[in-house]
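Visitor: The structure is given below, and queries will be raised subsequently.
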Amino acid sequence: MSVNLTLLLVMGVLYACGIYLILERSLTRVLLGLVLLANATNLLILATGGYAGLAPLFSKGTDPRDYNDPLPQALILTSIVISFAVTAFMLGIIYRTWALARQDDIQDDVEDRRVAQTPSYDAEDDAEVPQETSEFPLAAVAAGHTPEDPEPGGEAPLNDDEGGGPR
Amino acid sequence: MNAASLAPLAVVLPILGAALTFALNRNPVAQRTVSIGLLAATLLLECWLLAAVWTTGTASVTLGGWLPPFGVVMVVDQFSSLMLVVSSVISLAVLVYATGQGMADGDQEAPVSIFHPTYLILVAGVSNAFLTGDLFNLYVGFEILLTASYVLMTLGGTGPRIRAGVTYVVVSVVSSVLFLIAIAMIYGATGTITMADLAVKLAELDPVTRNLLHVMLLVAFGIKAAVFPLSFWLPDSYPTAPAPVTAVFAGLLTKVGVYAMVRTETLLFPGDTLNTPLMVVALLTMVVGILGALAQSDIKRLLSFTLVSHIGYMVFGLAMSSVTGLAAAVFYVAHHITVQTSLFLVTGLIERRGGSSSMDRLGGLAKLSPLLALLFFVPAMNLAGIPPFSGFLGKLGLLQAGMELGTPLAITLVAGGVLTSLLTLLAIARVWNRAFWRKPEDAEYPDPILKDTAAVGLLPRTMVGPTAALVVFGVALTVFAGPLFQLAGNSAEQMLDRTAYIQSVLGPEVTVPGIAAPGSSGPSIQGGAK
């Protein structure tokens, strides 16, 4: 299989620019990057068909090898339609981001940041058990963990509730 | 006419439904009737397909009059029909749930008229991906379901959903581009994209080229299946979507990725060329995922992390490429689709009853609504793998297969699997203790709605019903685990054998190549990859 060098070079440049752009934080640039990547891939599919040949419409007496390979072109058409739809949708949500937050940047996940900042000491799990329910010495107090606020109403054993758990 | 002749209907019916419901968007009652009716019809059809391939074996149908190596084919074998049935059961349950939610809330929050058509297109895409026997058509199936999922993810267009949607869309598009590049390279190398034909022709390629193509496909599918180093998008984006949408995404979308990985490993690139890296990745997925779950205080995020973690089990079963391992993986996929979806649906109910899905704000739900507690408890124990539930059986199958294999790496994975199961139990027990058992006033920031013991109307029957049905279906997987394991074992044997699949597409005269001589060329392939 032989390929067209110019197409390959264009494809490489498109991939390079596309990857550079999707690493940006600005959504519009990310979108442009995705468009470039999709087009570079279309060129790649085209390249798999080999050199350009005759249009694959049957005419008597033509050597089958003179025809162009039609399948990659069918694939490209499908992939163009798909990337068109996705681009339109991306533009929609970029516009929505702008309408909501007046900015074009990818935003941090608030909950993710909150979890990352959570201290490893957890009042619920790591505080010592209230004295009434425990028959063991409070090793946790000796280890230096004193609960900042004693839990209100935590004296009763937790599983004392009527109807708790599936019966 | 064979069994597969009706298979395209599993894609056509939902798409027809999408068109009809879109036209009926002024009439919610007709819209609901059409979408639920057509999905139920699809489910019946798929049950019939499963029964047909169970008796007559793998069947295929060519579309558009093009003969197999050129045109698009659809192949129904036991694995794909099992996936179709399970996916339709949960998509039907979620659709009824979502309809119930829409009816209970009125239309103020989400544009429900868009929900039905989009949802049906998602189902069509999933069915297409399961049925297709053509690599590019698989890409199209992925795109159909992904495009629908973009819309569902950002339904309503609120700030958090748009933020999560952007990440989701960009990651999905990049993975699709990778998949498309892999298809182009495979076409360049072999001159075909029909999967059965590829199974024959890829075996003739140079081992280095084969491995390159193999890795590219696995990376593309790994992003979609959320396998560890490629999984970070999932817990970031899933929790913000509406509850039914998250439920169906958690159940189906990652599993379509797993399904594609299974086909890649068994049909296109059989043999154990990449089993070692896959096992390492499976171990990391299990352990890192579940450690992430332990750090969360939001139930939806916690469940998203358990979802990632349990993908590791399926990859583990797949990476063993033995009949027992693959059978356990198939069983586990069916189990996990059901259980994970029911848990997300229950979380939607928790959100309604308790006002939030954050564990800091919840408490005492077991007393407020014992039914809700039961609905959470059963799938939660099932997920953690407590006997006798199907989660236990699936994990047991995987562990047995791992011990059978007996390599040090497999034993490590068995240990990792047990550890992950225990940590899942820990994560689930934390949810149980906080949201269900403690008193509402013990919560850090108790939601005022927890004091209102009379707010029964917050749990409408139309939402509890489908959730309960799905929980019962999950339990039924346990009760009928025998036949299901037999089905999983049969499909694993068929997939590893490949003859039925290839000959059903290309005709009985085609000879199926052996598994690329694992004894002689296997080690050199490994060496070439490094």
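Ordering of the structure tokens sets the chain letters (A, B, ...); residue numbers start at 1 within each chain; ligands are numbered from 1 in the order shown.
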If we count only C-alpha atoms and set the cut-off at 10 Å, which residues sit around range 379-385 of chain B, ignoring sequence neighbours fewer than 3 positions away in its own chain? Please answer as a VMD selection string.

Guide: chain B and resid 306 to 307 310 335 to 336 338 to 343 346 374 to 376 388 to 396 418 420 to 429 431 to 432 470 to 472 474 to 475 478

Visitor: Which residues are close to Asp69 in chain A, i.e. within 10 Å by only C-alpha atoms, leaving aside same-chain residues fewer than 6 positions away? Reply as a PDB file with N, CA and C atoms, in the first residue's frame.

Guide:
ATOM      1  N   LEU A  46      -8.389   8.244   5.175  1.00  0.00           N
ATOM      2  CA  LEU A  46      -8.232   8.418   3.731  1.00  0.00           C
ATOM      3  C   LEU A  46      -6.928   7.778   3.272  1.00  0.00           C
ATOM      4  N   THR A  48      -5.449   5.254   4.424  1.00  0.00           N
ATOM      5  CA  THR A  48      -5.476   3.795   4.391  1.00  0.00           C
ATOM      6  C   THR A  48      -6.016   3.279   3.064  1.00  0.00           C
ATOM      7  N   GLY A  49      -6.686   4.146   2.297  1.00  0.00           N
ATOM      8  CA  GLY A  49      -7.219   3.708   1.012  1.00  0.00           C
ATOM      9  C   GLY A  49      -6.179   3.707  -0.096  1.00  0.00           C
ATOM     10  N   GLY A  50      -4.985   4.188   0.172  1.00  0.00           N
ATOM     11  CA  GLY A  50      -3.937   4.204  -0.848  1.00  0.00           C
ATOM     12  C   GLY A  50      -4.069   5.402  -1.777  1.00  0.00           C
ATOM     13  N   TYR A  51      -3.336   5.362  -2.908  1.00  0.00           N
ATOM     14  CA  TYR A  51      -3.350   6.459  -3.868  1.00  0.00           C
ATOM     15  C   TYR A  51      -4.738   6.697  -4.414  1.00  0.00           C
ATOM     16  N   ALA A  52      -4.981   7.955  -4.815  1.00  0.00           N
ATOM     17  CA  ALA A  52      -6.262   8.276  -5.426  1.00  0.00           C
ATOM     18  C   ALA A  52      -6.408   7.503  -6.733  1.00  0.00           C
ATOM     19  N   GLY A  53      -7.629   7.019  -6.992  1.00  0.00           N
ATOM     20  CA  GLY A  53      -7.882   6.293  -8.230  1.00  0.00           C
ATOM     21  C   GLY A  53      -9.157   6.796  -8.849  1.00  0.00           C
ATOM     22  N   LEU A  54      -9.724   5.998  -9.739  1.00  0.00           N
ATOM     23  CA  LEU A  54     -10.992   6.371 -10.357  1.00  0.00           C
ATOM     24  C   LEU A  54     -12.115   6.266  -9.338  1.00  0.00           C
ATOM     25  N   ALA A  55     -13.167   7.033  -9.597  1.00  0.00           N
ATOM     26  CA  ALA A  55     -14.336   6.922  -8.728  1.00  0.00           C
ATOM     27  C   ALA A  55     -14.878   5.502  -8.834  1.00  0.00           C
ATOM     28  N   PRO A  56     -15.259   4.896  -7.712  1.00  0.00           N
ATOM     29  CA  PRO A  56     -15.656   3.483  -7.747  1.00  0.00           C
ATOM     30  C   PRO A  56     -17.052   3.278  -8.318  1.00  0.00           C
TER      31      PRO A  56
ATOM     32  N   GLY B 191      -7.152  -4.512   5.653  1.00  0.00           N
ATOM     33  CA  GLY B 191      -8.081  -4.310   4.552  1.00  0.00           C
ATOM     34  C   GLY B 191      -9.492  -4.764   4.843  1.00  0.00           C
TER      35      GLY B 191
END

Visitor: Within 7 Å of chain A, which residues of chain B come that close, and what is the closest atom pair and distance in Å for each? Count only C-alpha atoms and give it as a Markdown table.

Guide:
| residue | atom | partner | partner_atom | distance |
| --- | --- | --- | --- | --- |
| B:Gly159 | CA | A:Leu100 | CA | 6.5 |
| B:Ile162 | CA | A:Ile93 | CA | 6.6 |
| B:Arg163 | CA | A:Gln107 | CA | 6.4 |
| B:Val177 | CA | A:Ala38 | CA | 6.5 |
| B:Ile181 | CA | A:Thr41 | CA | 6.0 |
| B:Ala184 | CA | A:Ile45 | CA | 5.0 |
| B:Tyr187 | CA | A:Thr48 | CA | 6.8 |
| B:Gly188 | CA | A:Thr48 | CA | 4.7 |
| B:Ala295 | CA | A:Val115 | CA | 7.0 |
| B:Gln296 | CA | A:Val115 | CA | 6.5 |
| B:Ala366 | CA | A:Gly164 | CA | 5.2 |
| B:Lys367 | CA | A:Gly164 | CA | 5.5 |
| B:Pro370 | CA | A:Pro166 | CA | 6.5 |
| B:Ala373 | CA | A:Pro166 | CA | 6.6 |
| B:Leu374 | CA | A:Pro166 | CA | 5.3 |
| B:Trp437 | CA | A:Gly164 | CA | 6.4 |
| B:Arg438 | CA | A:Leu158 | CA | 5.9 |
| B:Asp442 | CA | A:Pro152 | CA | 6.8 |

Visitor: Write out the residues from the selection above, keeping N, CA and C atoms, as a PDB file, in the first residue's frame.

Guide:
ATOM      1  N   GLY B 159     -25.469  24.580  36.446  1.00  0.00           N
ATOM      2  CA  GLY B 159     -24.032  24.804  36.530  1.00  0.00           C
ATOM      3  C   GLY B 159     -23.214  23.544  36.754  1.00  0.00           C
ATOM      4  N   ILE B 162     -23.276  21.143  33.736  1.00  0.00           N
ATOM      5  CA  ILE B 162     -22.502  21.615  32.583  1.00  0.00           C
ATOM      6  C   ILE B 162     -21.020  21.397  32.859  1.00  0.00           C
ATOM      7  N   ARG B 163     -20.599  21.702  34.091  1.00  0.00           N
ATOM      8  CA  ARG B 163     -19.185  21.539  34.427  1.00  0.00           C
ATOM      9  C   ARG B 163     -18.767  20.076  34.275  1.00  0.00           C
ATOM     10  N   VAL B 177     -11.900   9.277  19.308  1.00  0.00           N
ATOM     11  CA  VAL B 177     -10.890   9.544  18.282  1.00  0.00           C
ATOM     12  C   VAL B 177      -9.827   8.446  18.305  1.00  0.00           C
ATOM     13  N   ILE B 181      -8.859   6.035  15.253  1.00  0.00           N
ATOM     14  CA  ILE B 181      -7.487   5.877  14.758  1.00  0.00           C
ATOM     15  C   ILE B 181      -7.142   4.392  14.707  1.00  0.00           C
ATOM     16  N   ALA B 184      -8.774   2.866  11.736  1.00  0.00           N
ATOM     17  CA  ALA B 184      -8.079   3.218  10.499  1.00  0.00           C
ATOM     18  C   ALA B 184      -6.824   2.374  10.344  1.00  0.00           C
ATOM     19  N   TYR B 187      -7.695  -1.155   9.491  1.00  0.00           N
ATOM     20  CA  TYR B 187      -8.095  -1.265   8.089  1.00  0.00           C
ATOM     21  C   TYR B 187      -6.868  -1.183   7.189  1.00  0.00           C
ATOM     22  N   GLY B 188      -5.941  -0.286   7.532  1.00  0.00           N
ATOM     23  CA  GLY B 188      -4.722  -0.169   6.744  1.00  0.00           C
ATOM     24  C   GLY B 188      -3.914  -1.456   6.766  1.00  0.00           C
ATOM     25  N   ALA B 295     -12.971   7.455  50.775  1.00  0.00           N
ATOM     26  CA  ALA B 295     -12.736   8.847  51.147  1.00  0.00           C
ATOM     27  C   ALA B 295     -13.961   9.720  50.947  1.00  0.00           C
ATOM     28  N   GLN B 296     -15.002   9.199  50.284  1.00  0.00           N
ATOM     29  CA  GLN B 296     -16.112  10.071  49.892  1.00  0.00           C
ATOM     30  C   GLN B 296     -17.149  10.198  51.010  1.00  0.00           C
ATOM     31  N   ALA B 366     -33.540   4.492  58.322  1.00  0.00           N
ATOM     32  CA  ALA B 366     -34.100   3.161  58.547  1.00  0.00           C
ATOM     33  C   ALA B 366     -35.402   3.260  59.322  1.00  0.00           C
ATOM     34  N   LYS B 367     -35.457   4.228  60.234  1.00  0.00           N
ATOM     35  CA  LYS B 367     -36.670   4.391  61.026  1.00  0.00           C
ATOM     36  C   LYS B 367     -37.744   5.124  60.224  1.00  0.00           C
ATOM     37  N   PRO B 370     -38.519   2.067  56.567  1.00  0.00           N
ATOM     38  CA  PRO B 370     -37.900   0.732  56.582  1.00  0.00           C
ATOM     39  C   PRO B 370     -37.820   0.106  55.194  1.00  0.00           C
ATOM     40  N   ALA B 373     -34.793   1.306  53.522  1.00  0.00           N
ATOM     41  CA  ALA B 373     -33.622   0.659  54.112  1.00  0.00           C
ATOM     42  C   ALA B 373     -33.439  -0.734  53.529  1.00  0.00           C
ATOM     43  N   LEU B 374     -34.547  -1.460  53.385  1.00  0.00           N
ATOM     44  CA  LEU B 374     -34.464  -2.812  52.825  1.00  0.00           C
ATOM     45  C   LEU B 374     -33.980  -2.755  51.377  1.00  0.00           C
ATOM     46  N   TRP B 437     -28.742   4.230  60.164  1.00  0.00           N
ATOM     47  CA  TRP B 437     -28.857   3.780  61.539  1.00  0.00           C
ATOM     48  C   TRP B 437     -28.773   4.882  62.578  1.00  0.00           C
ATOM     49  N   ARG B 438     -27.915   5.861  62.365  1.00  0.00           N
ATOM     50  CA  ARG B 438     -27.769   6.846  63.439  1.00  0.00           C
ATOM     51  C   ARG B 438     -28.996   7.745  63.489  1.00  0.00           C
ATOM     52  N   ASP B 442     -27.724  13.212  65.137  1.00  0.00           N
ATOM     53  CA  ASP B 442     -26.293  12.941  65.188  1.00  0.00           C
ATOM     54  C   ASP B 442     -25.568  13.368  63.922  1.00  0.00           C
TER      55      ASP B 442
END

Visitor: Run DSSP on the backbone and tell me which residues of range 361-508 of chain B come out as alpha helix (DSSP H); list them as number ranges by chain.

Guide: B: 365-368, 370-384, 390-405, 408-431, 461-479, 481-497, 499-506

Visitor: For range 75-89 of chain B, list every protein, DNA or RNA residue within 7 Å, evaluated using only C-alpha atoms, and leave out those in the same chain fewer than 5 positions away; present the list as JSON, numbers by chain.

Guide: {"B": [4, 43, 46, 47, 49, 50, 53, 54, 57, 58, 59, 60, 61, 127, 130, 131, 132, 133, 252, 334, 491]}

Visitor: With N, CA and C atoms retained, could you export that selection as a CSV table (one decimal), in the first residue's frame?

Guide:
chain,number,residue,atom,x,y,z
B,4,ALA,N,-31.2,-14.6,13.9
B,4,ALA,CA,-30.6,-13.3,13.9
B,4,ALA,C,-31.4,-12.3,13.0
B,43,LEU,N,-37.5,-5.7,24.9
B,43,LEU,CA,-37.1,-6.7,25.9
B,43,LEU,C,-37.6,-8.1,25.6
B,46,GLU,N,-35.7,-9.5,22.8
B,46,GLU,CA,-34.3,-10.0,23.2
B,46,GLU,C,-34.4,-11.3,24.0
B,47,CYS,N,-35.4,-11.4,24.8
B,47,CYS,CA,-35.6,-12.7,25.5
B,47,CYS,C,-35.7,-13.8,24.5
B,49,LEU,N,-34.6,-13.8,21.4
B,49,LEU,CA,-33.3,-14.0,20.8
B,49,LEU,C,-32.4,-14.9,21.6
B,50,LEU,N,-32.4,-14.6,23.0
B,50,LEU,CA,-31.6,-15.4,23.9
B,50,LEU,C,-32.0,-16.9,23.8
B,53,VAL,N,-30.8,-18.4,20.4
B,53,VAL,CA,-29.4,-18.8,20.3
B,53,VAL,C,-29.0,-19.9,21.3
B,54,TRP,N,-29.8,-19.9,22.3
B,54,TRP,CA,-29.6,-21.0,23.3
B,54,TRP,C,-29.8,-22.4,22.7
B,57,GLY,N,-27.8,-21.9,18.5
B,57,GLY,CA,-26.4,-21.5,18.4
B,57,GLY,C,-26.3,-20.1,17.7
B,58,THR,N,-25.0,-19.7,17.6
B,58,THR,CA,-24.7,-18.4,17.1
B,58,THR,C,-25.3,-18.1,15.7
B,59,ALA,N,-25.9,-17.0,15.5
B,59,ALA,CA,-26.4,-16.7,14.2
B,59,ALA,C,-26.0,-15.2,13.8
B,60,SER,N,-26.0,-15.0,12.5
B,60,SER,CA,-25.7,-13.6,12.0
B,60,SER,C,-26.6,-13.2,10.9
B,61,VAL,N,-26.7,-11.9,10.7
B,61,VAL,CA,-27.5,-11.4,9.7
B,61,VAL,C,-26.7,-10.3,9.0
B,127,SER,N,-27.8,-1.3,22.3
B,127,SER,CA,-28.1,-2.6,21.6
B,127,SER,C,-27.2,-2.8,20.4
B,130,PHE,N,-23.8,-4.0,21.3
B,130,PHE,CA,-23.8,-5.4,21.7
B,130,PHE,C,-23.9,-6.3,20.5
B,131,LEU,N,-24.7,-5.9,19.5
B,131,LEU,CA,-25.1,-6.8,18.4
B,131,LEU,C,-24.1,-6.8,17.3
B,132,THR,N,-23.4,-5.7,17.0
B,132,THR,CA,-22.7,-5.5,15.8
B,132,THR,C,-21.5,-6.5,15.6
B,133,GLY,N,-21.2,-6.9,14.4
B,133,GLY,CA,-20.1,-7.7,14.1
B,133,GLY,C,-19.1,-7.0,13.2
B,252,LEU,N,-24.9,0.7,32.3
B,252,LEU,CA,-24.7,0.2,30.9
B,252,LEU,C,-23.4,0.7,30.3
B,334,ALA,N,-23.2,-9.3,34.3
B,334,ALA,CA,-24.7,-9.4,34.4
B,334,ALA,C,-25.1,-8.9,35.9
B,491,SER,N,-21.1,-19.3,27.0
B,491,SER,CA,-20.7,-18.2,26.1
B,491,SER,C,-19.2,-18.0,26.2

Visitor: Rank nothing, just name the residue among B:Ile114, B:Leu487, B:Val323, B:Val378 nearest to Phe473 in chain B, using only C-alpha atoms.

Guide: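 Nearest to Phe473 in chain B: B:Val378.
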
Visitor: I want to know what sits within 9 Å of range 192-197 of chain B, based on only C-alpha atoms, with residues of the same chain fewer than 5 positions away left out; could you give that as a PyMOL selection string?

Guide: chain B and resi 68-73+132-136+183+186-187+202+267-268+498+501-506

Visitor: Print the selection's residues with C-alpha atoms to a file, as a compact mmCIF listing (two decimals), in the first residue's frame.

Guide:
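Written out: selection-v2.txt:
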# COMPACT_ATOMS: atom_id res chain seq x y z
CA PRO B 68 -20.09 -10.37 4.99
CA PRO B 69 -16.52 -9.21 4.45
CA PHE B 70 -17.82 -5.97 2.89
CA GLY B 71 -21.09 -5.06 4.52
CA VAL B 72 -22.23 -4.60 8.10
CA VAL B 73 -23.19 -7.77 9.93
CA THR B 132 -22.69 -5.53 15.78
CA GLY B 133 -20.09 -7.73 14.13
CA ASP B 134 -18.35 -4.84 12.40
CA LEU B 135 -15.68 -2.73 14.04
CA PHE B 136 -16.75 0.55 12.47
CA ILE B 183 -9.93 1.32 13.23
CA ILE B 186 -6.52 -1.93 11.46
CA TYR B 187 -8.10 -1.26 8.09
CA LEU B 202 -5.11 -10.30 12.22
CA LEU B 267 -12.27 -12.63 19.12
CA LEU B 268 -9.74 -10.25 17.61
CA ARG B 498 -14.35 -18.54 18.07
CA TYR B 501 -18.79 -16.80 15.65
CA ILE B 502 -16.50 -16.74 12.63
CA GLN B 503 -18.30 -19.44 10.71
CA SER B 504 -21.71 -17.92 11.34
CA VAL B 505 -20.50 -14.78 9.55
CA LEU B 506 -18.13 -16.05 6.89

Visitor: Rounded to one decimal in Å, what is the spacing between CA of Asn275 in chain B and CA of Phe249 in chain B?

Guide: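 Taking CA of Asn275 in chain B as the start and CA of Phe249 in chain B as the end point, the length is 27.6 Å.
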
Visitor: Can you tell me, as a PDB file with C-alpha atoms, in the first residue's frame, what residues are no more than 8 Å from Phe142 in chain B when counting only C-alpha atoms, ignoring any on the same chain fewer than 2 positions away?

Guide:
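Output below, filename out-v6.pdb:
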ATOM      1  CA  GLY B 125     -26.840   2.671  20.753  1.00  0.00           C
ATOM      2  CA  VAL B 126     -26.222   0.147  23.519  1.00  0.00           C
ATOM      3  CA  ALA B 129     -22.850  -1.987  20.245  1.00  0.00           C
ATOM      4  CA  LEU B 138     -19.256  -0.693  16.848  1.00  0.00           C
ATOM      5  CA  TYR B 139     -17.796   2.817  16.701  1.00  0.00           C
ATOM      6  CA  VAL B 140     -21.105   4.106  15.372  1.00  0.00           C
ATOM      7  CA  ILE B 144     -24.979   6.901  19.208  1.00  0.00           C
ATOM      8  CA  LEU B 145     -24.993   6.025  22.877  1.00  0.00           C
ATOM      9  CA  LEU B 146     -22.375   8.626  23.783  1.00  0.00           C
TER      10      LEU B 146
END

Visitor: Just give me the gap between CA of Gly156 in chain B and CA of Gly355 in chain B in Å, one decimal is fine.

Guide: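 Separating CA of Gly156 in chain B from CA of Gly355 in chain B is a distance of 19.3 Å.
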